[in-house]
Amino acid sequence: MSAAAASSGSRWNLTNRNIVVTGASKGIGLATSQVAASLGANVILVARSSDDLAAAIASLPPDSQSRCTPCACDLSTDDGRAVLVSQAQATFGGILHGVVNNAGTNVRKTILEQTDDEYSAIVSLNQHAIYRLCQLLQPMLARGSAARGNPELFGASVVNVGSAAGVGSTGSGAAYGMTKAAIAHLSKILACEWAQHRIRVNCVAPWVTLTPLLEAALEKNPNSLEKAEARTPMRRAAKPEEIADAVVFLLMDASSYVTGQVLSVDGGLSANHVAGPTVEP
């Protein structure tokens, strides 16, 4: 293999990169952890339940399991975030190359139906936790980027998992959509603030994806998936791995000139202005 070919190939893997993935015990987070580990990354999988994390890691191929470390904590709390920071310090020596802020929650209600407790829970995890984790983990990302040596290389990457609900109204509820719009804009701001530290920041905005969060919504509104798919040009929901592939692309050097972007991975929904994007509640 030529030197040029080898260099090109190295841009499409994550060998020896240290990555944190939140909301990693299922759905998009688990799929992202699997893809990242399969490409050579060392991954800390973060979720509330230690049992769920153990099951998630056990579901991965044996060679990927050896690269994965569980971290059970509640990221909506200061104490929980401190646990993750401590785990990253202990596991990676305080050197990070990537963070995937995927953990999120929703109670799909209109603004007049949403309770104060539901609103607080959505904002705490979907918005405040991501804001604080970016603050807390930035020094480790800066060290990770610097450790890679090349002064032209943006050697660390943050990917915030947003939603089509943060791009336009999707019937997912005002609180949820508001928080997803906030982290999309946060991604743009941090991309500019952190360019000096050679850290890229992007947001992936999925549409309906076959995850446990969607399953919970379908229990209350069984027809919503059919309606959503009818309004989607590709006429189907996404698989978790289809979102994970986009996330992992943004972690790799193959996307080295991409920062401050909101990548809609939505089966064409955001392009479908004629039919309209709104999913009826």
# chains A, B, ... in the order shown; residues from 1 in each chain; ligands from 1
>>> select_by_dssp(residues="segment 88-225 of chain A", states="alpha helix (DSSP H)", output="PDB file with C-alpha atoms, in the first residue's frame")
ATOM      1  CA  ALA A  88     -12.773   9.588  31.786  1.00  0.00           C
ATOM      2  CA  GLN A  89      -9.796  10.738  33.832  1.00  0.00           C
ATOM      3  CA  ALA A  90      -9.185   7.256  35.202  1.00  0.00           C
ATOM      4  CA  THR A  91      -9.768   5.331  31.966  1.00  0.00           C
ATOM      5  CA  PHE A  92      -8.140   7.666  29.456  1.00  0.00           C
ATOM      6  CA  ASP A 116     -43.546  21.509  35.289  1.00  0.00           C
ATOM      7  CA  ASP A 117     -41.805  18.301  36.375  1.00  0.00           C
ATOM      8  CA  GLU A 118     -41.826  16.929  32.820  1.00  0.00           C
ATOM      9  CA  TYR A 119     -40.509  20.194  31.444  1.00  0.00           C
ATOM     10  CA  SER A 120     -37.702  20.289  34.007  1.00  0.00           C
ATOM     11  CA  ALA A 121     -36.689  16.678  33.301  1.00  0.00           C
ATOM     12  CA  ILE A 122     -36.538  17.294  29.535  1.00  0.00           C
ATOM     13  CA  VAL A 123     -34.506  20.495  29.844  1.00  0.00           C
ATOM     14  CA  ALA A 129     -26.506  18.321  30.827  1.00  0.00           C
ATOM     15  CA  ILE A 130     -25.005  18.750  27.358  1.00  0.00           C
ATOM     16  CA  TYR A 131     -24.008  22.343  28.055  1.00  0.00           C
ATOM     17  CA  ARG A 132     -22.312  21.337  31.310  1.00  0.00           C
ATOM     18  CA  LEU A 133     -20.621  18.248  29.850  1.00  0.00           C
ATOM     19  CA  CYS A 134     -19.134  20.360  27.081  1.00  0.00           C
ATOM     20  CA  GLN A 135     -17.702  22.669  29.743  1.00  0.00           C
ATOM     21  CA  LEU A 136     -16.388  19.842  31.896  1.00  0.00           C
ATOM     22  CA  LEU A 137     -14.870  17.703  29.132  1.00  0.00           C
ATOM     23  CA  GLN A 138     -13.368  20.482  27.000  1.00  0.00           C
ATOM     24  CA  PRO A 139      -9.950  20.410  28.743  1.00  0.00           C
ATOM     25  CA  MET A 140      -9.640  16.681  28.036  1.00  0.00           C
ATOM     26  CA  LEU A 141     -10.628  17.241  24.395  1.00  0.00           C
ATOM     27  CA  ALA A 142      -8.062  20.036  24.061  1.00  0.00           C
ATOM     28  CA  ARG A 143      -5.369  17.726  25.444  1.00  0.00           C
ATOM     29  CA  GLY A 144      -6.481  14.955  23.105  1.00  0.00           C
ATOM     30  CA  SER A 145      -6.249  17.221  20.090  1.00  0.00           C
ATOM     31  CA  ALA A 146      -2.854  18.598  21.117  1.00  0.00           C
ATOM     32  CA  ALA A 147      -1.532  15.084  21.762  1.00  0.00           C
ATOM     33  CA  ALA A 174     -42.502  22.234  22.553  1.00  0.00           C
ATOM     34  CA  ALA A 175     -40.117  21.358  25.389  1.00  0.00           C
ATOM     35  CA  TYR A 176     -38.355  18.617  23.423  1.00  0.00           C
ATOM     36  CA  GLY A 177     -38.108  20.649  20.214  1.00  0.00           C
ATOM     37  CA  MET A 178     -36.846  23.683  22.103  1.00  0.00           C
ATOM     38  CA  THR A 179     -34.002  21.736  23.723  1.00  0.00           C
ATOM     39  CA  LYS A 180     -32.972  20.133  20.444  1.00  0.00           C
ATOM     40  CA  ALA A 181     -32.899  23.517  18.724  1.00  0.00           C
ATOM     41  CA  ALA A 182     -30.760  24.811  21.586  1.00  0.00           C
ATOM     42  CA  ILE A 183     -28.069  22.160  21.210  1.00  0.00           C
ATOM     43  CA  ALA A 184     -28.001  22.638  17.446  1.00  0.00           C
ATOM     44  CA  HIS A 185     -27.192  26.306  18.025  1.00  0.00           C
ATOM     45  CA  LEU A 186     -24.791  25.440  20.844  1.00  0.00           C
ATOM     46  CA  SER A 187     -22.904  23.278  18.365  1.00  0.00           C
ATOM     47  CA  LYS A 188     -22.438  26.222  16.007  1.00  0.00           C
ATOM     48  CA  ILE A 189     -21.268  28.525  18.777  1.00  0.00           C
ATOM     49  CA  LEU A 190     -18.798  26.033  20.251  1.00  0.00           C
ATOM     50  CA  ALA A 191     -17.423  25.249  16.788  1.00  0.00           C
ATOM     51  CA  CYS A 192     -16.359  28.895  16.612  1.00  0.00           C
ATOM     52  CA  GLU A 193     -15.212  29.195  20.234  1.00  0.00           C
ATOM     53  CA  PRO A 212     -36.864   2.565  22.695  1.00  0.00           C
ATOM     54  CA  LEU A 213     -37.807   6.264  22.949  1.00  0.00           C
ATOM     55  CA  LEU A 214     -39.887   5.909  19.781  1.00  0.00           C
ATOM     56  CA  GLU A 215     -41.432   2.681  21.066  1.00  0.00           C
ATOM     57  CA  ALA A 216     -42.581   4.483  24.198  1.00  0.00           C
ATOM     58  CA  ALA A 217     -44.192   7.211  22.084  1.00  0.00           C
ATOM     59  CA  LEU A 218     -45.944   4.620  19.921  1.00  0.00           C
ATOM     60  CA  GLU A 219     -47.558   3.028  22.958  1.00  0.00           C
ATOM     61  CA  LYS A 220     -49.511   6.246  23.464  1.00  0.00           C
ATOM     62  CA  SER A 224     -47.817   8.327  14.694  1.00  0.00           C
ATOM     63  CA  LEU A 225     -45.152   6.184  13.005  1.00  0.00           C
TER      64      LEU A 225
END
>>> residues_around(residues="segment 16-24 of chain A", least_positions_apart="2", cutoff="6 Å", atoms="only C-alpha atoms", output="number ranges by chain")
A: 14, 26, 29-30, 40-47, 96-103
>>> atom_distance(atom1="atom CA of Ala244 of chain A", atom2="atom CA of Val35 of chain A")
7.2 Å
>>> select_by_dssp(residues="segment 31-103 of chain A", states="strand (DSSP E or B)", output="PDB file with N, CA and C atoms, in the first residue's frame")
ATOM      1  N   ASN A  42     -11.488   3.401  21.682  1.00  0.00           N
ATOM      2  CA  ASN A  42     -11.738   3.027  23.062  1.00  0.00           C
ATOM      3  C   ASN A  42     -12.938   3.849  23.518  1.00  0.00           C
ATOM      4  N   VAL A  43     -13.980   3.178  24.021  1.00  0.00           N
ATOM      5  CA  VAL A  43     -15.245   3.858  24.251  1.00  0.00           C
ATOM      6  C   VAL A  43     -15.699   3.710  25.699  1.00  0.00           C
ATOM      7  N   ILE A  44     -16.054   4.833  26.325  1.00  0.00           N
ATOM      8  CA  ILE A  44     -16.788   4.801  27.590  1.00  0.00           C
ATOM      9  C   ILE A  44     -18.259   4.933  27.256  1.00  0.00           C
ATOM     10  N   LEU A  45     -19.024   3.906  27.602  1.00  0.00           N
ATOM     11  CA  LEU A  45     -20.470   3.905  27.392  1.00  0.00           C
ATOM     12  C   LEU A  45     -21.138   4.409  28.664  1.00  0.00           C
ATOM     13  N   VAL A  46     -21.980   5.416  28.520  1.00  0.00           N
ATOM     14  CA  VAL A  46     -22.594   6.072  29.674  1.00  0.00           C
ATOM     15  C   VAL A  46     -24.105   5.877  29.623  1.00  0.00           C
ATOM     16  N   ALA A  47     -24.668   5.456  30.744  1.00  0.00           N
ATOM     17  CA  ALA A  47     -26.119   5.347  30.900  1.00  0.00           C
ATOM     18  C   ALA A  47     -26.428   5.278  32.389  1.00  0.00           C
ATOM     19  N   CYS A  68     -14.354  -1.350  25.446  1.00  0.00           N
ATOM     20  CA  CYS A  68     -15.491  -0.617  26.024  1.00  0.00           C
ATOM     21  C   CYS A  68     -15.463  -0.641  27.550  1.00  0.00           C
ATOM     22  N   THR A  69     -15.781   0.504  28.135  1.00  0.00           N
ATOM     23  CA  THR A  69     -15.837   0.660  29.585  1.00  0.00           C
ATOM     24  C   THR A  69     -17.190   1.243  29.967  1.00  0.00           C
ATOM     25  N   PRO A  70     -17.906   0.617  30.913  1.00  0.00           N
ATOM     26  CA  PRO A  70     -19.199   1.171  31.317  1.00  0.00           C
ATOM     27  C   PRO A  70     -19.042   2.285  32.342  1.00  0.00           C
ATOM     28  N   CYS A  71     -19.986   3.227  32.318  1.00  0.00           N
ATOM     29  CA  CYS A  71     -20.026   4.289  33.327  1.00  0.00           C
ATOM     30  C   CYS A  71     -21.491   4.559  33.649  1.00  0.00           C
ATOM     31  N   ALA A  72     -21.941   4.073  34.792  1.00  0.00           N
ATOM     32  CA  ALA A  72     -23.339   4.245  35.199  1.00  0.00           C
ATOM     33  C   ALA A  72     -23.473   5.519  36.024  1.00  0.00           C
ATOM     34  N   GLY A  98     -13.045  12.361  21.409  1.00  0.00           N
ATOM     35  CA  GLY A  98     -14.409  12.527  20.926  1.00  0.00           C
ATOM     36  C   GLY A  98     -15.433  12.393  22.027  1.00  0.00           C
ATOM     37  N   VAL A  99     -16.501  13.170  21.912  1.00  0.00           N
ATOM     38  CA  VAL A  99     -17.639  13.072  22.825  1.00  0.00           C
ATOM     39  C   VAL A  99     -18.908  13.060  21.977  1.00  0.00           C
ATOM     40  N   VAL A 100     -19.770  12.097  22.240  1.00  0.00           N
ATOM     41  CA  VAL A 100     -21.077  12.027  21.586  1.00  0.00           C
ATOM     42  C   VAL A 100     -22.137  12.256  22.655  1.00  0.00           C
ATOM     43  N   ASN A 101     -22.749  13.430  22.622  1.00  0.00           N
ATOM     44  CA  ASN A 101     -23.811  13.763  23.568  1.00  0.00           C
ATOM     45  C   ASN A 101     -25.140  13.288  22.991  1.00  0.00           C
TER      46      ASN A 101
END
>>> atom_distance(atom1="atom CA of Arg108 of chain A", atom2="atom CA of Gly27 of chain A")
18.2 Å
>>> residues_around(residues="segment 197-205 of chain A", least_positions_apart="2", cutoff="7 Å", atoms="only C-alpha atoms", output="tab-separated table (two decimals) with N, CA, C and O atoms, in the first residue's frame")
chain	number	residue	atom	x	y	z
A	142	ALA	N	-9.18	19.19	24.49
A	142	ALA	CA	-8.06	20.04	24.06
A	142	ALA	C	-6.74	19.28	24.19
A	142	ALA	O	-5.87	19.35	23.30
A	145	SER	N	-6.59	16.64	21.38
A	145	SER	CA	-6.25	17.22	20.09
A	145	SER	C	-4.77	17.57	20.03
A	145	SER	O	-4.07	17.27	19.05
A	153	LEU	N	-4.20	19.76	12.22
A	153	LEU	CA	-5.24	18.76	12.40
A	153	LEU	C	-6.15	19.12	13.56
A	153	LEU	O	-5.67	19.36	14.67
A	154	PHE	N	-7.45	19.17	13.30
A	154	PHE	CA	-8.42	19.33	14.38
A	154	PHE	C	-8.64	17.94	14.96
A	154	PHE	O	-9.45	17.16	14.47
A	155	GLY	N	-7.90	17.63	16.03
A	155	GLY	CA	-7.77	16.26	16.47
A	155	GLY	C	-8.81	15.77	17.44
A	155	GLY	O	-8.72	14.65	17.94
A	156	ALA	N	-9.82	16.59	17.77
A	156	ALA	CA	-10.89	16.16	18.67
A	156	ALA	C	-12.22	16.63	18.10
A	156	ALA	O	-12.28	17.62	17.37
A	157	SER	N	-13.28	15.91	18.46
A	157	SER	CA	-14.57	16.19	17.85
A	157	SER	C	-15.70	15.94	18.85
A	157	SER	O	-15.69	14.93	19.57
A	158	VAL	N	-16.66	16.85	18.87
A	158	VAL	CA	-17.88	16.69	19.66
A	158	VAL	C	-19.05	16.56	18.68
A	158	VAL	O	-19.16	17.34	17.74
A	159	VAL	N	-19.89	15.57	18.91
A	159	VAL	CA	-21.11	15.41	18.12
A	159	VAL	C	-22.30	15.41	19.06
A	159	VAL	O	-22.42	14.54	19.93
A	160	ASN	N	-23.14	16.41	18.92
A	160	ASN	CA	-24.36	16.50	19.72
A	160	ASN	C	-25.52	15.94	18.90
A	160	ASN	O	-25.73	16.35	17.76
A	161	VAL	N	-26.23	15.00	19.49
A	161	VAL	CA	-27.35	14.38	18.78
A	161	VAL	C	-28.60	15.19	19.04
A	161	VAL	O	-29.14	15.21	20.14
A	162	GLY	N	-29.02	15.90	18.01
A	162	GLY	CA	-30.22	16.73	18.10
A	162	GLY	C	-31.43	15.98	17.58
A	162	GLY	O	-31.63	14.80	17.90
A	163	SER	N	-32.22	16.64	16.75
A	163	SER	CA	-33.44	16.02	16.24
A	163	SER	C	-34.02	16.89	15.14
A	163	SER	O	-33.80	18.11	15.11
A	164	ALA	N	-34.78	16.24	14.26
A	164	ALA	CA	-35.58	17.01	13.30
A	164	ALA	C	-36.52	17.95	14.04
A	164	ALA	O	-36.90	19.00	13.51
A	184	ALA	N	-28.46	22.39	18.81
A	184	ALA	CA	-28.00	22.64	17.45
A	184	ALA	C	-27.26	23.97	17.39
A	184	ALA	O	-26.18	24.09	16.79
A	187	SER	N	-23.94	23.90	19.18
A	187	SER	CA	-22.90	23.28	18.37
A	187	SER	C	-22.23	24.29	17.45
A	187	SER	O	-21.00	24.27	17.27
A	190	LEU	N	-20.01	26.67	19.75
A	190	LEU	CA	-18.80	26.03	20.25
A	190	LEU	C	-17.82	25.73	19.13
A	190	LEU	O	-16.59	25.75	19.35
A	191	ALA	N	-18.32	25.46	17.93
A	191	ALA	CA	-17.42	25.25	16.79
A	191	ALA	C	-16.55	26.48	16.57
A	191	ALA	O	-15.35	26.36	16.24
A	194	TRP	N	-14.19	27.00	19.92
A	194	TRP	CA	-13.17	25.99	20.17
A	194	TRP	C	-12.28	25.70	18.98
A	194	TRP	O	-11.40	24.83	19.05
A	195	ALA	N	-12.47	26.42	17.88
A	195	ALA	CA	-11.58	26.22	16.74
A	195	ALA	C	-10.13	26.49	17.13
A	195	ALA	O	-9.20	25.83	16.66
A	207	TRP	N	-34.46	12.04	12.24
A	207	TRP	CA	-35.92	11.99	12.22
A	207	TRP	C	-36.31	10.70	12.92
A	207	TRP	O	-35.53	10.15	13.70
A	247	VAL	N	-22.91	9.93	12.83
A	247	VAL	CA	-22.21	10.42	14.02
A	247	VAL	C	-20.73	10.05	13.95
A	247	VAL	O	-19.84	10.90	14.18
A	259	THR	N	-17.22	21.50	10.53
A	259	THR	CA	-17.50	21.94	11.90
A	259	THR	C	-18.59	22.99	11.90
A	259	THR	O	-18.79	23.70	10.91
A	260	GLY	N	-19.33	23.06	12.99
A	260	GLY	CA	-20.41	24.03	13.12
A	260	GLY	C	-21.63	23.71	12.28
A	260	GLY	O	-22.45	24.59	12.02
A	261	GLN	N	-21.80	22.44	11.91
A	261	GLN	CA	-22.88	22.07	11.02
A	261	GLN	C	-23.98	21.27	11.74
A	261	GLN	O	-23.72	20.58	12.72
A	262	VAL	N	-25.19	21.38	11.22
A	262	VAL	CA	-26.30	20.54	11.66
A	262	VAL	C	-26.64	19.62	10.50
A	262	VAL	O	-27.15	20.06	9.47
A	263	LEU	N	-26.29	18.36	10.64
A	263	LEU	CA	-26.49	17.37	9.58
A	263	LEU	C	-27.83	16.66	9.79
A	263	LEU	O	-28.00	15.90	10.74
A	264	SER	N	-28.77	16.93	8.91
A	264	SER	CA	-30.09	16.27	8.99
A	264	SER	C	-30.00	14.88	8.39
A	264	SER	O	-29.71	14.72	7.20
A	265	VAL	N	-30.22	13.88	9.24
A	265	VAL	CA	-30.24	12.48	8.79
A	265	VAL	C	-31.68	12.04	8.92
A	265	VAL	O	-32.08	11.42	9.91
>>> atom_distance(atom1="atom CA of Thr15 of chain A", atom2="atom CA of Met252 of chain A")
9.8 Å
>>> decode(residues="segment 224-235 of chain A", atoms="all heavy atoms", output="short mmCIF file (atom, residue, chain, number, x, y, z; two decimals), in the first residue's frame")
data_model
loop_
_atom_site.label_atom_id
_atom_site.label_comp_id
_atom_site.auth_asym_id
_atom_site.auth_seq_id
_atom_site.Cartn_x
_atom_site.Cartn_y
_atom_site.Cartn_z
N SER A 224 -48.75 7.24 14.99
CA SER A 224 -47.82 8.33 14.69
C SER A 224 -46.69 7.88 13.77
O SER A 224 -46.22 8.67 12.94
CB SER A 224 -47.25 8.92 15.98
OG SER A 224 -46.52 7.96 16.71
N LEU A 225 -46.23 6.63 13.88
CA LEU A 225 -45.15 6.18 13.01
C LEU A 225 -45.62 6.13 11.55
O LEU A 225 -44.91 6.58 10.65
CB LEU A 225 -44.64 4.81 13.45
CG LEU A 225 -43.52 4.23 12.58
CD1 LEU A 225 -42.31 5.17 12.55
CD2 LEU A 225 -43.11 2.85 13.09
N GLU A 226 -46.81 5.60 11.35
CA GLU A 226 -47.35 5.54 9.99
C GLU A 226 -47.47 6.93 9.38
O GLU A 226 -47.14 7.16 8.21
CB GLU A 226 -48.72 4.85 10.01
CG GLU A 226 -49.36 4.70 8.64
CD GLU A 226 -50.71 4.01 8.71
OE1 GLU A 226 -51.02 3.43 9.77
OE2 GLU A 226 -51.44 4.06 7.70
N LYS A 227 -47.94 7.89 10.17
CA LYS A 227 -48.08 9.27 9.67
C LYS A 227 -46.71 9.88 9.36
O LYS A 227 -46.53 10.56 8.35
CB LYS A 227 -48.80 10.12 10.71
CG LYS A 227 -50.27 9.75 10.90
CD LYS A 227 -50.90 10.63 11.97
CE LYS A 227 -52.36 10.28 12.18
NZ LYS A 227 -52.98 11.11 13.25
N ALA A 228 -45.73 9.62 10.26
CA ALA A 228 -44.40 10.17 10.04
C ALA A 228 -43.77 9.60 8.78
O ALA A 228 -43.16 10.34 7.98
CB ALA A 228 -43.51 9.88 11.26
N GLU A 229 -43.88 8.31 8.59
CA GLU A 229 -43.29 7.68 7.41
C GLU A 229 -43.96 8.17 6.13
O GLU A 229 -43.31 8.31 5.09
CB GLU A 229 -43.38 6.16 7.54
CG GLU A 229 -42.45 5.60 8.61
CD GLU A 229 -42.51 4.10 8.74
OE1 GLU A 229 -43.60 3.52 8.51
OE2 GLU A 229 -41.49 3.49 9.07
N ALA A 230 -45.26 8.44 6.18
CA ALA A 230 -45.97 8.94 5.01
C ALA A 230 -45.47 10.31 4.58
O ALA A 230 -45.55 10.68 3.40
CB ALA A 230 -47.47 8.99 5.28
N ARG A 231 -44.96 11.09 5.54
CA ARG A 231 -44.46 12.43 5.24
C ARG A 231 -42.97 12.45 4.93
O ARG A 231 -42.39 13.49 4.67
CB ARG A 231 -44.76 13.36 6.42
CG ARG A 231 -46.24 13.69 6.57
CD ARG A 231 -46.53 14.32 7.91
NE ARG A 231 -47.87 14.89 7.97
CZ ARG A 231 -48.99 14.19 8.22
NH1 ARG A 231 -48.90 12.87 8.40
NH2 ARG A 231 -50.17 14.78 8.26
N THR A 232 -42.34 11.28 4.99
CA THR A 232 -40.91 11.17 4.75
C THR A 232 -40.67 10.68 3.32
O THR A 232 -41.20 9.64 2.93
CB THR A 232 -40.29 10.16 5.74
OG1 THR A 232 -40.61 10.55 7.08
CG2 THR A 232 -38.78 10.08 5.58
N PRO A 233 -39.88 11.39 2.52
CA PRO A 233 -39.65 10.95 1.15
C PRO A 233 -39.18 9.50 1.03
O PRO A 233 -39.57 8.80 0.10
CB PRO A 233 -38.59 11.94 0.65
CG PRO A 233 -38.92 13.20 1.37
CD PRO A 233 -39.32 12.74 2.76
N MET A 234 -38.36 9.04 1.96
CA MET A 234 -37.88 7.65 1.89
C MET A 234 -38.90 6.65 2.44
O MET A 234 -38.68 5.44 2.38
CB MET A 234 -36.54 7.52 2.62
CG MET A 234 -35.41 8.23 1.88
SD MET A 234 -33.77 7.99 2.62
CE MET A 234 -33.46 6.26 2.19
N ARG A 235 -39.99 7.17 3.00
CA ARG A 235 -41.15 6.37 3.41
C ARG A 235 -40.84 5.30 4.47
O ARG A 235 -41.49 4.26 4.53
CB ARG A 235 -41.79 5.67 2.19
CG ARG A 235 -42.44 6.64 1.20
CD ARG A 235 -43.65 7.32 1.84
NE ARG A 235 -44.44 8.07 0.90
CZ ARG A 235 -44.25 9.35 0.58
NH1 ARG A 235 -43.26 10.03 1.15
NH2 ARG A 235 -45.04 9.96 -0.28
#
